[in-house]
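Undergrad: Pasting structure11.cif here (mmCIF, C-alpha atoms):
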```cif
data_entry
loop_
_atom_site.label_atom_id
_atom_site.label_comp_id
_atom_site.auth_asym_id
_atom_site.auth_seq_id
_atom_site.Cartn_x
_atom_site.Cartn_y
_atom_site.Cartn_z
CA MET A 1 -64.69 28.34 8.16
CA ARG A 2 -66.96 27.17 10.92
CA LEU A 3 -65.69 27.90 14.42
CA HIS A 4 -67.14 25.08 16.50
CA PHE A 5 -63.66 24.05 17.66
CA LEU A 6 -63.62 27.22 19.79
CA ASP A 7 -66.94 26.61 21.56
CA SER A 8 -65.31 25.27 24.74
CA LEU A 9 -63.41 28.54 25.22
CA TYR A 10 -66.61 30.52 25.68
CA ALA A 11 -68.52 27.97 27.75
CA ARG A 12 -67.06 29.33 31.00
CA PRO A 13 -66.12 32.84 32.14
CA GLY A 14 -62.56 34.16 32.22
CA PRO A 15 -60.11 35.59 32.82
CA TYR A 16 -58.07 33.37 30.51
CA ALA A 17 -54.42 32.55 30.20
CA SER A 18 -53.59 32.19 26.50
CA VAL A 19 -50.24 30.73 25.47
CA TYR A 20 -48.66 30.22 22.04
CA VAL A 21 -45.36 28.40 22.23
CA ASP A 22 -42.85 26.73 19.91
CA THR A 23 -42.55 23.05 20.86
CA SER A 24 -40.65 21.84 17.78
CA ARG A 25 -38.66 18.63 18.13
CA ASP A 26 -36.28 19.20 15.18
CA ILE A 27 -33.60 21.00 17.24
CA ASP A 28 -30.72 19.96 19.45
CA GLU A 29 -31.82 19.19 23.01
CA PRO A 30 -35.55 19.89 22.47
CA ASP A 31 -36.46 18.80 26.00
CA ARG A 32 -34.15 21.41 27.48
CA ALA A 33 -35.57 24.13 25.22
CA ILE A 34 -39.14 23.18 26.10
CA GLU A 35 -38.35 23.16 29.83
CA LEU A 36 -37.09 26.74 29.51
CA ARG A 37 -40.27 27.71 27.69
CA ARG A 38 -42.31 26.06 30.41
CA ARG A 39 -40.60 28.19 33.07
CA HIS A 40 -40.96 31.38 31.03
CA THR A 41 -44.66 30.65 30.45
CA ARG A 42 -45.32 30.42 34.16
CA SER A 43 -43.30 33.48 35.12
CA ASP A 44 -44.79 35.56 32.29
CA LEU A 45 -48.34 34.67 33.33
CA ILE A 46 -47.67 35.46 36.98
CA GLU A 47 -46.23 38.81 35.92
CA LEU A 48 -49.38 39.47 33.86
CA GLY A 49 -51.55 38.88 36.94
CA ALA A 50 -52.61 35.25 36.50
CA ASP A 51 -53.35 33.25 39.63
CA PRO A 52 -50.71 30.57 40.42
CA ALA A 53 -53.07 27.66 39.70
CA THR A 54 -53.84 28.92 36.19
CA ALA A 55 -50.18 29.70 35.53
CA ASP A 56 -49.23 26.19 36.70
CA ALA A 57 -51.89 24.50 34.56
CA SER A 58 -50.69 26.38 31.49
CA ALA A 59 -46.98 25.77 32.10
CA GLU A 60 -47.43 22.07 32.82
CA ALA A 61 -49.13 21.61 29.43
CA VAL A 62 -46.18 23.06 27.50
CA GLY A 63 -44.45 20.23 25.65
CA THR A 64 -47.13 17.60 26.28
CA ASP A 65 -47.05 17.04 22.50
CA ALA A 66 -43.67 15.29 22.85
CA ASP A 67 -44.72 12.44 20.54
CA LEU A 68 -45.22 14.85 17.64
CA PRO A 69 -42.10 15.11 15.45
CA GLY A 70 -40.81 18.05 13.41
CA ARG A 71 -41.66 21.74 13.51
CA HIS A 72 -44.86 22.68 15.31
CA GLY A 73 -46.23 24.64 18.22
CA GLN A 74 -48.93 24.60 20.85
CA ALA A 75 -51.87 26.83 21.70
CA LEU A 76 -52.97 26.54 25.35
CA PHE A 77 -55.92 28.13 27.15
CA ALA A 78 -56.60 27.92 30.88
CA THR A 79 -58.86 29.63 33.40
CA HIS A 80 -59.49 29.30 37.14
CA GLY A 81 -56.71 26.74 37.47
CA GLU A 82 -58.00 24.43 34.71
CA LEU A 83 -56.73 23.78 31.21
CA VAL A 84 -59.67 24.32 28.85
CA LEU A 85 -58.20 23.75 25.39
CA THR A 86 -54.91 22.48 23.99
CA GLU A 87 -54.17 22.35 20.26
CA GLU A 88 -51.09 21.61 18.21
CA LEU A 89 -50.14 24.27 15.67
CA PRO A 90 -48.96 23.24 12.17
CA GLN A 91 -46.39 26.05 12.32
CA PRO A 92 -44.74 27.30 15.51
CA PRO A 93 -45.37 30.94 16.45
CA SER A 94 -42.67 33.35 15.27
CA VAL A 95 -42.23 34.30 18.94
CA ASP A 96 -43.72 32.73 22.05
CA LYS A 97 -46.70 34.71 23.30
CA THR A 98 -48.65 34.82 26.57
CA ARG A 99 -51.70 36.87 27.47
CA TYR A 100 -53.93 37.05 30.54
CA ALA A 101 -57.24 38.79 29.91
CA LEU A 102 -60.99 38.46 30.30
CA LEU A 103 -61.29 36.86 26.86
CA PRO A 104 -59.08 34.13 25.39
CA ASP A 105 -56.63 35.29 22.73
CA ALA A 106 -58.03 32.83 20.19
CA MET A 107 -57.62 34.66 16.87
CA PRO A 108 -54.12 33.22 16.18
CA LEU A 109 -55.54 29.72 16.69
CA ALA A 110 -58.45 30.44 14.34
CA LEU A 111 -56.02 31.73 11.71
CA ALA A 112 -53.92 28.57 12.12
CA HIS A 113 -56.99 26.50 11.16
CA ALA A 114 -57.54 28.43 7.91
CA PRO A 115 -58.25 27.53 5.13
CA ASP A 116 -59.72 24.41 6.82
CA ILE A 117 -60.00 22.38 3.61
CA PRO A 118 -61.61 18.95 4.05
CA TYR A 119 -59.91 16.22 2.01
CA ALA A 120 -59.25 12.50 1.67
CA ALA A 121 -55.82 11.11 0.74
CA ALA A 122 -54.82 7.76 -0.78
CA VAL A 123 -51.33 6.41 -1.45
CA LEU A 124 -50.96 3.32 -3.67
CA THR A 125 -47.68 1.40 -3.76
CA ARG A 126 -46.68 -1.78 -5.62
CA VAL A 127 -44.83 -4.02 -3.15
CA GLY A 128 -43.63 -7.59 -2.92
CA PRO A 129 -45.67 -10.11 -0.96
CA GLU A 130 -44.96 -10.17 2.76
CA ASP A 131 -43.66 -13.75 2.71
CA SER A 132 -41.38 -13.55 -0.35
CA ASP A 133 -38.69 -11.47 -2.09
CA THR A 134 -40.12 -12.11 -5.54
CA ALA A 135 -41.45 -9.49 -7.96
CA PRO A 136 -44.12 -7.07 -6.69
CA GLU A 137 -47.46 -8.80 -6.39
CA ASP A 138 -49.40 -6.62 -3.94
CA VAL A 139 -50.86 -3.12 -3.98
CA GLN A 140 -50.39 -1.43 -0.61
CA VAL A 141 -53.07 1.15 0.10
CA LYS A 142 -52.92 3.88 2.75
CA LEU A 143 -55.99 6.04 3.35
CA GLN A 144 -56.59 9.05 5.57
CA THR A 145 -59.04 11.94 5.83
CA GLY A 146 -58.44 15.34 7.37
CA ARG A 147 -58.88 19.09 7.32
CA TRP A 148 -55.90 21.06 6.09
CA PRO A 149 -53.75 22.42 7.69
CA SER A 150 -54.73 21.32 11.22
CA SER A 151 -54.50 17.66 10.20
CA ALA A 152 -50.76 18.12 9.57
CA VAL A 153 -50.19 17.80 13.31
CA ALA A 154 -53.48 16.20 14.37
CA PRO A 155 -54.02 13.47 11.77
CA ARG A 156 -56.93 11.09 11.89
CA ALA A 157 -56.54 7.31 11.89
CA LEU A 158 -54.53 5.84 9.02
CA THR A 159 -56.05 2.83 7.23
CA SER A 160 -53.57 0.44 5.61
CA LEU A 161 -54.49 -2.42 3.24
CA ARG A 162 -52.61 -4.93 1.08
CA ILE A 163 -54.38 -6.25 -1.99
CA PRO A 164 -52.94 -8.84 -4.44
CA VAL A 165 -52.20 -7.32 -7.84
CA HIS A 166 -54.17 -10.04 -9.64
CA GLY A 167 -57.27 -9.02 -7.69
CA TRP A 168 -56.76 -5.27 -7.93
CA HIS A 169 -59.33 -4.64 -10.69
CA ARG A 170 -62.03 -6.32 -8.62
CA GLU A 171 -60.99 -4.85 -5.25
CA ALA A 172 -60.49 -1.36 -6.71
CA GLU A 173 -64.21 -1.16 -7.41
CA ARG A 174 -65.02 -1.92 -3.78
CA LEU A 175 -62.34 0.51 -2.61
CA ALA A 176 -63.70 3.21 -4.92
CA ASP A 177 -67.10 2.86 -3.25
CA GLU A 178 -65.49 3.19 0.17
CA LEU A 179 -63.53 6.26 -0.91
CA ALA A 180 -66.67 7.86 -2.35
CA HIS A 181 -68.39 7.26 0.99
CA LEU A 182 -65.45 8.82 2.86
CA VAL A 183 -65.46 11.84 0.57
CA ASP A 184 -69.21 12.34 0.98
CA LEU A 185 -69.12 11.72 4.74
CA GLY A 186 -66.42 14.35 5.28
CA HIS A 187 -67.75 16.72 2.59
CA ALA A 188 -64.23 16.57 1.16
CA ASP A 189 -63.28 19.18 -1.43
CA THR A 190 -60.51 17.00 -2.86
CA LEU A 191 -59.46 13.36 -3.09
CA VAL A 192 -55.67 13.44 -3.20
CA VAL A 193 -54.17 10.36 -4.88
CA CYS A 194 -50.50 9.43 -5.05
CA GLY A 195 -48.39 6.44 -6.07
CA ASP A 196 -48.24 3.71 -8.68
CA ALA A 197 -49.64 5.00 -12.00
CA TRP A 198 -51.31 1.72 -13.02
CA ALA A 199 -52.99 1.11 -9.67
CA ARG A 200 -54.01 4.76 -9.47
CA GLY A 201 -55.57 4.70 -12.94
CA VAL A 202 -57.58 1.57 -12.20
CA LEU A 203 -58.91 3.07 -8.96
CA VAL A 204 -59.74 6.54 -10.31
CA ASN A 205 -61.60 5.11 -13.30
CA ARG A 206 -63.92 3.27 -10.91
CA LEU A 207 -64.83 6.31 -8.84
CA PRO A 208 -68.27 7.89 -9.30
CA ALA A 209 -68.08 10.86 -11.66
CA PRO A 210 -68.72 13.54 -8.98
CA VAL A 211 -65.79 12.20 -6.92
CA ARG A 212 -63.57 11.63 -9.96
CA HIS A 213 -63.88 15.33 -10.79
CA ARG A 214 -62.44 16.16 -7.36
CA VAL A 215 -59.32 13.99 -7.75
CA ALA A 216 -55.91 15.68 -7.53
CA THR A 217 -52.86 13.58 -8.37
CA VAL A 218 -49.63 14.45 -6.55
CA PRO A 219 -46.08 13.03 -6.97
CA ARG A 220 -44.27 10.81 -4.52
CA ASN A 221 -41.50 12.51 -2.54
CA GLY A 222 -39.74 9.32 -1.44
CA GLN A 223 -40.64 9.75 2.23
CA ASP A 224 -42.92 7.66 4.39
CA VAL A 225 -45.38 9.43 6.66
CA GLU A 226 -43.94 10.21 10.09
CA SER A 227 -45.91 9.01 13.07
CA GLY A 228 -48.08 11.84 14.28
CA ARG A 229 -48.00 13.72 10.97
CA ALA A 230 -50.48 13.75 8.09
CA LEU A 231 -50.21 11.36 5.18
CA LEU A 232 -48.76 13.28 2.17
CA GLU A 233 -48.09 16.34 4.32
CA PRO A 234 -45.57 18.06 1.95
CA GLN A 235 -47.77 17.42 -1.08
CA LEU A 236 -50.85 18.73 0.70
CA ALA A 237 -49.00 21.91 1.67
CA ALA A 238 -48.08 22.52 -1.97
CA LEU A 239 -51.54 21.61 -3.28
CA PHE A 240 -53.59 23.69 -0.84
CA GLY A 241 -51.28 26.69 -0.52
CA GLY A 242 -53.19 29.90 -1.25
CA ARG A 243 -56.54 28.12 -1.67
CA LEU A 244 -59.87 28.48 0.10
CA SER A 245 -62.23 25.65 0.93
CA ALA A 246 -65.20 25.26 -1.41
CA HIS A 247 -67.46 26.35 1.45
CA ASP A 248 -65.50 29.56 2.00
CA ARG A 249 -65.29 30.26 -1.75
CA ASP A 250 -69.08 30.16 -1.94
CA ARG A 251 -69.35 32.49 1.05
CA LEU A 252 -66.75 34.86 -0.41
CA GLU A 253 -68.66 35.02 -3.70
CA GLY A 254 -71.77 35.91 -1.71
CA PHE A 255 -69.82 38.63 0.09
CA ALA A 256 -68.52 40.04 -3.21
CA ALA A 257 -72.07 40.24 -4.59
CA GLN A 258 -73.29 41.85 -1.36
CA ARG A 259 -70.44 44.37 -1.36
CA ALA A 260 -71.32 45.42 -4.91
CA ARG A 261 -74.84 46.28 -3.71
CA HIS A 262 -73.96 47.51 -0.20
CA PRO A 263 -70.50 49.11 0.02
CA ASP A 264 -71.02 49.62 3.78
CA SER A 265 -70.57 45.88 4.44
CA GLU A 266 -66.84 46.29 5.08
CA GLY A 267 -64.84 48.11 7.70
CA LEU A 268 -64.75 47.76 11.47
CA PRO A 269 -67.87 49.91 12.20
CA ALA A 270 -70.00 47.91 9.73
CA THR A 271 -68.78 44.61 11.16
CA ILE A 272 -69.53 45.64 14.74
CA ALA A 273 -72.98 46.91 13.73
CA ALA A 274 -73.80 43.52 12.16
CA LEU A 275 -72.62 41.66 15.27
CA GLN A 276 -74.73 43.94 17.49
CA ARG A 277 -77.83 43.01 15.52
CA GLY A 278 -77.03 39.30 15.20
CA ARG A 279 -76.83 39.69 11.42
CA ALA A 280 -73.27 38.47 10.84
CA GLU A 281 -73.21 35.24 8.83
CA ALA A 282 -69.42 35.37 8.47
CA LEU A 283 -66.56 37.73 9.22
CA VAL A 284 -64.18 38.21 6.31
CA VAL A 285 -60.69 39.18 7.46
CA ASN A 286 -57.51 40.00 5.60
CA HIS A 287 -54.32 38.14 6.36
CA PRO A 288 -51.95 39.42 7.69
CA ILE A 289 -54.55 40.58 10.18
CA GLU A 290 -55.08 44.29 10.86
CA GLN A 291 -54.06 45.87 14.17
CA TRP A 292 -57.45 47.20 15.20
CA PRO A 293 -57.99 49.63 18.11
CA ARG A 294 -59.34 48.18 21.34
CA ILE A 295 -63.14 48.06 21.46
CA TRP A 296 -65.78 47.84 24.19
CA LEU A 297 -67.65 44.74 25.27
CA GLY A 298 -70.52 44.22 27.70
CA THR A 299 -71.65 41.02 29.36
CA ASP A 300 -73.41 39.60 26.28
CA PRO A 301 -71.77 38.86 22.91
CA ASP A 302 -73.97 41.35 21.04
CA GLN A 303 -72.95 44.12 23.46
CA ILE A 304 -69.99 45.16 21.36
CA ALA A 305 -69.15 48.73 20.32
CA LEU A 306 -66.42 51.10 19.25
CA SER A 307 -67.00 53.32 22.30
CA ALA A 308 -68.42 53.09 25.80
CA ALA A 309 -70.93 55.81 24.85
CA ASP A 310 -72.37 53.54 22.15
CA LEU A 311 -73.02 50.82 24.74
CA GLN A 312 -74.57 53.32 27.11
CA THR A 313 -77.13 54.28 24.46
CA PHE A 314 -78.22 50.61 24.45
CA GLY A 315 -78.64 50.69 28.24
CA VAL A 316 -75.56 48.54 28.92
CA THR A 317 -74.07 49.34 32.32
CA GLY A 318 -71.28 46.78 32.77
CA TYR A 319 -68.58 46.86 30.09
CA GLU A 320 -64.82 46.72 29.60
CA ARG A 321 -62.37 47.62 26.88
CA GLN A 322 -60.99 44.53 25.14
CA SER A 323 -58.58 43.52 22.42
CA ALA A 324 -60.56 43.90 19.19
CA ASP A 325 -59.59 40.57 17.64
CA ALA A 326 -60.50 38.68 20.84
CA ALA A 327 -63.83 40.52 21.17
CA LEU A 328 -64.75 40.13 17.50
CA LEU A 329 -64.01 36.41 17.57
CA TYR A 330 -65.96 35.97 20.82
CA ALA A 331 -68.97 37.71 19.29
CA ALA A 332 -68.66 35.68 16.09
CA VAL A 333 -68.45 32.28 17.81
CA THR A 334 -71.23 32.93 20.30
CA THR A 335 -73.64 34.32 17.67
CA GLY A 336 -72.95 31.49 15.20
CA ALA A 337 -70.95 33.47 12.64
CA GLU A 338 -68.12 31.95 10.60
CA LEU A 339 -64.66 33.24 9.67
CA ILE A 340 -63.22 33.58 6.17
CA VAL A 341 -59.52 34.42 5.90
CA VAL A 342 -58.39 35.96 2.59
CA PRO A 343 -54.98 37.34 1.53
CA ARG A 344 -54.93 41.12 1.62
CA GLU A 345 -53.49 41.34 -1.91
CA GLU A 346 -56.38 39.31 -3.35
CA THR A 347 -59.33 40.96 -1.56
CA PRO A 348 -58.28 44.17 0.18
CA LEU A 349 -60.88 45.29 2.71
CA GLU A 350 -61.43 48.56 4.52
CA ASP A 351 -59.87 48.16 7.99
CA GLY A 352 -58.94 44.65 6.84
CA ILE A 353 -62.40 43.29 7.72
CA GLY A 354 -65.86 42.85 6.26
CA VAL A 355 -69.08 41.03 7.09
CA LEU A 356 -71.34 38.74 5.12
CA LEU A 357 -74.83 39.53 6.34
CA ARG A 358 -77.24 36.84 7.47
CA TYR A 359 -80.43 38.33 6.05
#
```
As structure tokens, what does this structure read like?
TA:
Amino acid sequence: MRLHFLDSLYARPGPYASVYVDTSRDIDEPDRAIELRRRHTRSDLIELGADPATADASAEAVGTDADLPGRHGQALFATHGELVLTEELPQPPSVDKTRYALLPDAMPLALAHAPDIPYAAAVLTRVGPEDSDTAPEDVQVKLQTGRWPSSAVAPRALTSLRIPVHGWHREAERLADELAHLVDLGHADTLVVCGDAWARGVLVNRLPAPVRHRVATVPRNGQDVESGRALLEPQLAALFGGRLSAHDRDRLEGFAAQRARHPDSEGLPATIAALQRGRAEALVVNHPIEQWPRIWLGTDPDQIALSAADLQTFGVTGYERQSADAALLYAAVTTGAELIVVPREETPLEDGIGVLLRY
């Protein structure tokens, strides 16, 4: 998983207020609950040592996703009185969390983006013409692209078309070309298709073979897409559960081959050594994530070590002890490394972490 969505967090110095908060709207009196969370966010940050302007900026952003229905959360990051990044979370945090530290607490947000599977979705429905109650004569088409699971709460634009049934064979060929372009443009792993069996069959048969081989058919669940949520959200959750993106699968295969040759490519010391030398192509982490000991960080992203003495041997004079997950992610993002999240039971790693080397 590429980590470009975190670039803005490291473009300016900290300290950072990091907030993870449940802003679900599927409860009684959600506005009242969110107002309480807003107050707690501010008071917790002040107690942690945040300046009032940063605490205010963070608290004021809690619940600004009011138009988003259902269960979800927010991740908020602010520094020096300014909100730097706000993202909706597909699942709310199990408990609200605030942190004020030199580095943003961005690992939970990165994990919420995994497995980051690019896809395109199409729903085909036989409907009656808009100006009559007679038998169905149109095919209604809804199209959307996204990256799962973040698109569940941050969906892209939804395209809706109505095509007469008698012209479907002809129009399906044009639509198949458009879908193939969308799939190629977004490097989609999967084209998810749902709806009327006849219309679906006509469309799929007109897709280019490379795209047709990436088609996954899912059942209807009788629900229309909610505003602000992804098209086919429940079906996507079932389809992509436990999967990796094709990009990450390739990287993981490379890591497995590397580990067979070099057993020292896993574990916290090996990962830190690779980051020090700018050789980390991707960090591979187990989920649930390990509770690593705090590590030391200098002023540059490659000045990362298990002990202050290690940094001193490199001639580093200014350094602080940091949360390991925050420091590792900072070093990964700023040196261009990626992140691959794998279930612990499938690929157990020493210390719950490994590194795919760049050279």
Undergrad: Select, from A:Leu3, A:Leu203, A:Ala78, A:Ala57, the residue with the minimum atom-to-atom distance to Glu178 in chain A, counting only C-alpha atoms.
TA: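 Among the listed residues, A:Leu203 lies closest to Glu178 in chain A.
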Undergrad: Quick one: residues within 12 Å of Leu36 in chain A, all atoms listed in the file counted, chain neighbours fewer than 4 positions away excluded, as a short mmCIF file (atom, residue, chain, number, x, y, z; two decimals) with C-alpha atoms, in the frame of the given file?
TA:
```cif
data_model
loop_
_atom_site.label_atom_id
_atom_site.label_comp_id
_atom_site.auth_asym_id
_atom_site.auth_seq_id
_atom_site.Cartn_x
_atom_site.Cartn_y
_atom_site.Cartn_z
CA VAL A 21 -45.36 28.40 22.23
CA ASP A 22 -42.85 26.73 19.91
CA THR A 23 -42.55 23.05 20.86
CA GLU A 29 -31.82 19.19 23.01
CA PRO A 30 -35.55 19.89 22.47
CA ASP A 31 -36.46 18.80 26.00
CA ARG A 32 -34.15 21.41 27.48
CA HIS A 40 -40.96 31.38 31.03
CA THR A 41 -44.66 30.65 30.45
CA ARG A 42 -45.32 30.42 34.16
CA SER A 43 -43.30 33.48 35.12
CA ALA A 59 -46.98 25.77 32.10
CA GLU A 60 -47.43 22.07 32.82
CA VAL A 62 -46.18 23.06 27.50
CA GLY A 63 -44.45 20.23 25.65
CA ASP A 96 -43.72 32.73 22.05
#
```
Undergrad: Return as a ChimeraX atom specification the set of residues that the PyMOL selection byres ((chain A and resi 255) around 10) yields on the displayed structure.
TA: /A:249-254,256-262,265-266,281-284,354-357
Undergrad: What is the distance, in Å and to one decimal place, between CA of Ala324 in chain A and CA of Val285 in chain A?
TA: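 Interatomic distance here is 12.6 Å.
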Undergrad: Could you tell me how far CA of Ala216 in chain A sits from CA of Ala199 in chain A, in Å to one decimal place?
TA: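 Separation of CA of Ala199 in chain A and CA of Ala216 in chain A: 15.0 Å.
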Undergrad: List, as an NGL selection string, every residue that the PyMOL selection byres ((chain A and resi 107) around 7) selects in the file provided.
TA: :A and (105-106 or 108-111 or 325-326 or 329)
Undergrad: For the file shown, what are the residues hit by the PyMOL selection byres ((chain A and resi 117) around 6), laid out as a list in words?
TA: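 So the PyMOL selection byres ((chain A and resi 117) around 6) ends up selecting Pro115, Asp116, Pro118, Arg147, Trp148 and Ser245 of chain A.
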Undergrad: Quick one: pull the distance between CA of Ile46 in chain A and CA of Pro15 in chain A, Å, one decimal.
TA: 13.1 Å
Undergrad: Using only C-alpha atoms, can you tell me which of A:Pro219, A:Pro348, A:Pro93, A:Gly81 comes closest to Cys194 in chain A?
TA: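 Closest to Cys194 in chain A, using only C-alpha atoms: A:Pro219.
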Undergrad: Using all atoms listed in the file, pick whichever of A:Gly146, A:Pro104, A:Gly73, A:Gly242 has the shortest atom-to-atom distance to Leu9 in chain A.
TA: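 Looking only at the distances to Leu9 in chain A, the closest residue turns out to be A:Pro104.
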Undergrad: Would you kindly return, as a ChimeraX atom specification, each protein, DNA or RNA residue with an atom no farther than 8 Å from any atom of Arg162 in chain A, considering only C-alpha atoms and excluding same-chain residues fewer than 2 positions away?
TA: /A:138-141,160,164
Undergrad: Excluding Gly49 in chain A and any residue of its chain fewer than 2 positions from it, enumerate the residues within 12 Å of it, using only C-alpha atoms, and give them as number ranges by chain.
TA: A: 15-17, 42-47, 51-55, 98-102
Undergrad: Might you pull out every residue within 12 Å of Arg212 in chain A, with all atoms listed in the file counted and same-chain residues fewer than 5 positions away left off, and present them as an MDAnalysis selection string?
TA: chainID A and resid 176:177 179:180 183 189:193 200:207 217
Undergrad: Determine the nearest neighbour of Asn286 in chain A from the options A:Glu338, A:Glu345, A:Glu320, A:Asp67, counting all atoms listed in the file.
TA: A:Glu345
Undergrad: Given only C-alpha atoms as the basis, pick out the residue of A:Ser8, A:Ser323, A:Thr335, A:Gln312 nearest to Arg279 in chain A.
TA: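 Closest residue, counting only C-alpha atoms: A:Thr335.
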Undergrad: Please provide as a list in words all residues within 10 Å of Asp65 in chain A, with the sequence filter that same-chain residues fewer than 3 positions apart are discarded (counting only C-alpha atoms).
TA: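 Residues meeting the cut-off are Thr23, Ser24, Arg25, Ala61, Val62, Leu68, Pro69, His72, Gly73, Gln74, Thr86, Glu87, Glu88, Val153 and Gly228 of chain A.
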Undergrad: Please, can range 3-9 of chain A be completed to all heavy atoms and returned as a short mmCIF file (atom, residue, chain, number, x, y, z; two decimals), in the frame of the given file?
TA:
```cif
data_model
loop_
_atom_site.label_atom_id
_atom_site.label_comp_id
_atom_site.auth_asym_id
_atom_site.auth_seq_id
_atom_site.Cartn_x
_atom_site.Cartn_y
_atom_site.Cartn_z
N LEU A 3 -66.53 27.67 13.26
CA LEU A 3 -65.69 27.90 14.42
C LEU A 3 -66.07 27.06 15.63
O LEU A 3 -65.78 27.42 16.76
CB LEU A 3 -65.73 29.40 14.79
CG LEU A 3 -65.20 30.35 13.70
CD1 LEU A 3 -65.54 31.80 14.06
CD2 LEU A 3 -63.70 30.20 13.52
N HIS A 4 -66.68 25.91 15.39
CA HIS A 4 -67.14 25.08 16.50
C HIS A 4 -65.99 24.61 17.40
O HIS A 4 -66.21 24.34 18.59
CB HIS A 4 -67.89 23.86 15.97
CG HIS A 4 -69.08 24.19 15.12
ND1 HIS A 4 -70.07 25.06 15.55
CD2 HIS A 4 -69.45 23.80 13.87
CE1 HIS A 4 -70.99 25.17 14.61
NE2 HIS A 4 -70.63 24.42 13.58
N PHE A 5 -64.78 24.52 16.85
CA PHE A 5 -63.66 24.05 17.66
C PHE A 5 -63.30 25.03 18.77
O PHE A 5 -62.52 24.69 19.68
CB PHE A 5 -62.43 23.78 16.77
CG PHE A 5 -61.92 24.98 16.02
CD1 PHE A 5 -60.92 25.77 16.55
CD2 PHE A 5 -62.44 25.30 14.77
CE1 PHE A 5 -60.43 26.87 15.86
CE2 PHE A 5 -61.96 26.41 14.07
CZ PHE A 5 -60.96 27.19 14.61
N LEU A 6 -63.88 26.23 18.74
CA LEU A 6 -63.62 27.22 19.79
C LEU A 6 -64.73 27.30 20.83
O LEU A 6 -64.63 28.06 21.79
CB LEU A 6 -63.43 28.61 19.16
CG LEU A 6 -62.22 28.78 18.23
CD1 LEU A 6 -62.24 30.17 17.61
CD2 LEU A 6 -60.92 28.53 18.97
N ASP A 7 -65.78 26.50 20.66
CA ASP A 7 -66.94 26.61 21.56
C ASP A 7 -66.56 26.46 23.03
O ASP A 7 -67.09 27.17 23.89
CB ASP A 7 -67.99 25.56 21.20
CG ASP A 7 -68.76 25.90 19.94
OD1 ASP A 7 -68.67 27.07 19.49
OD2 ASP A 7 -69.45 25.02 19.40
N SER A 8 -65.65 25.53 23.34
CA SER A 8 -65.31 25.27 24.74
C SER A 8 -64.68 26.48 25.41
O SER A 8 -64.76 26.63 26.64
CB SER A 8 -64.36 24.07 24.84
OG SER A 8 -63.13 24.33 24.18
N LEU A 9 -64.07 27.37 24.64
CA LEU A 9 -63.41 28.54 25.22
C LEU A 9 -64.41 29.55 25.78
O LEU A 9 -64.07 30.35 26.64
CB LEU A 9 -62.53 29.23 24.18
CG LEU A 9 -61.23 28.53 23.80
CD1 LEU A 9 -60.48 29.37 22.79
CD2 LEU A 9 -60.38 28.28 25.03
#
```
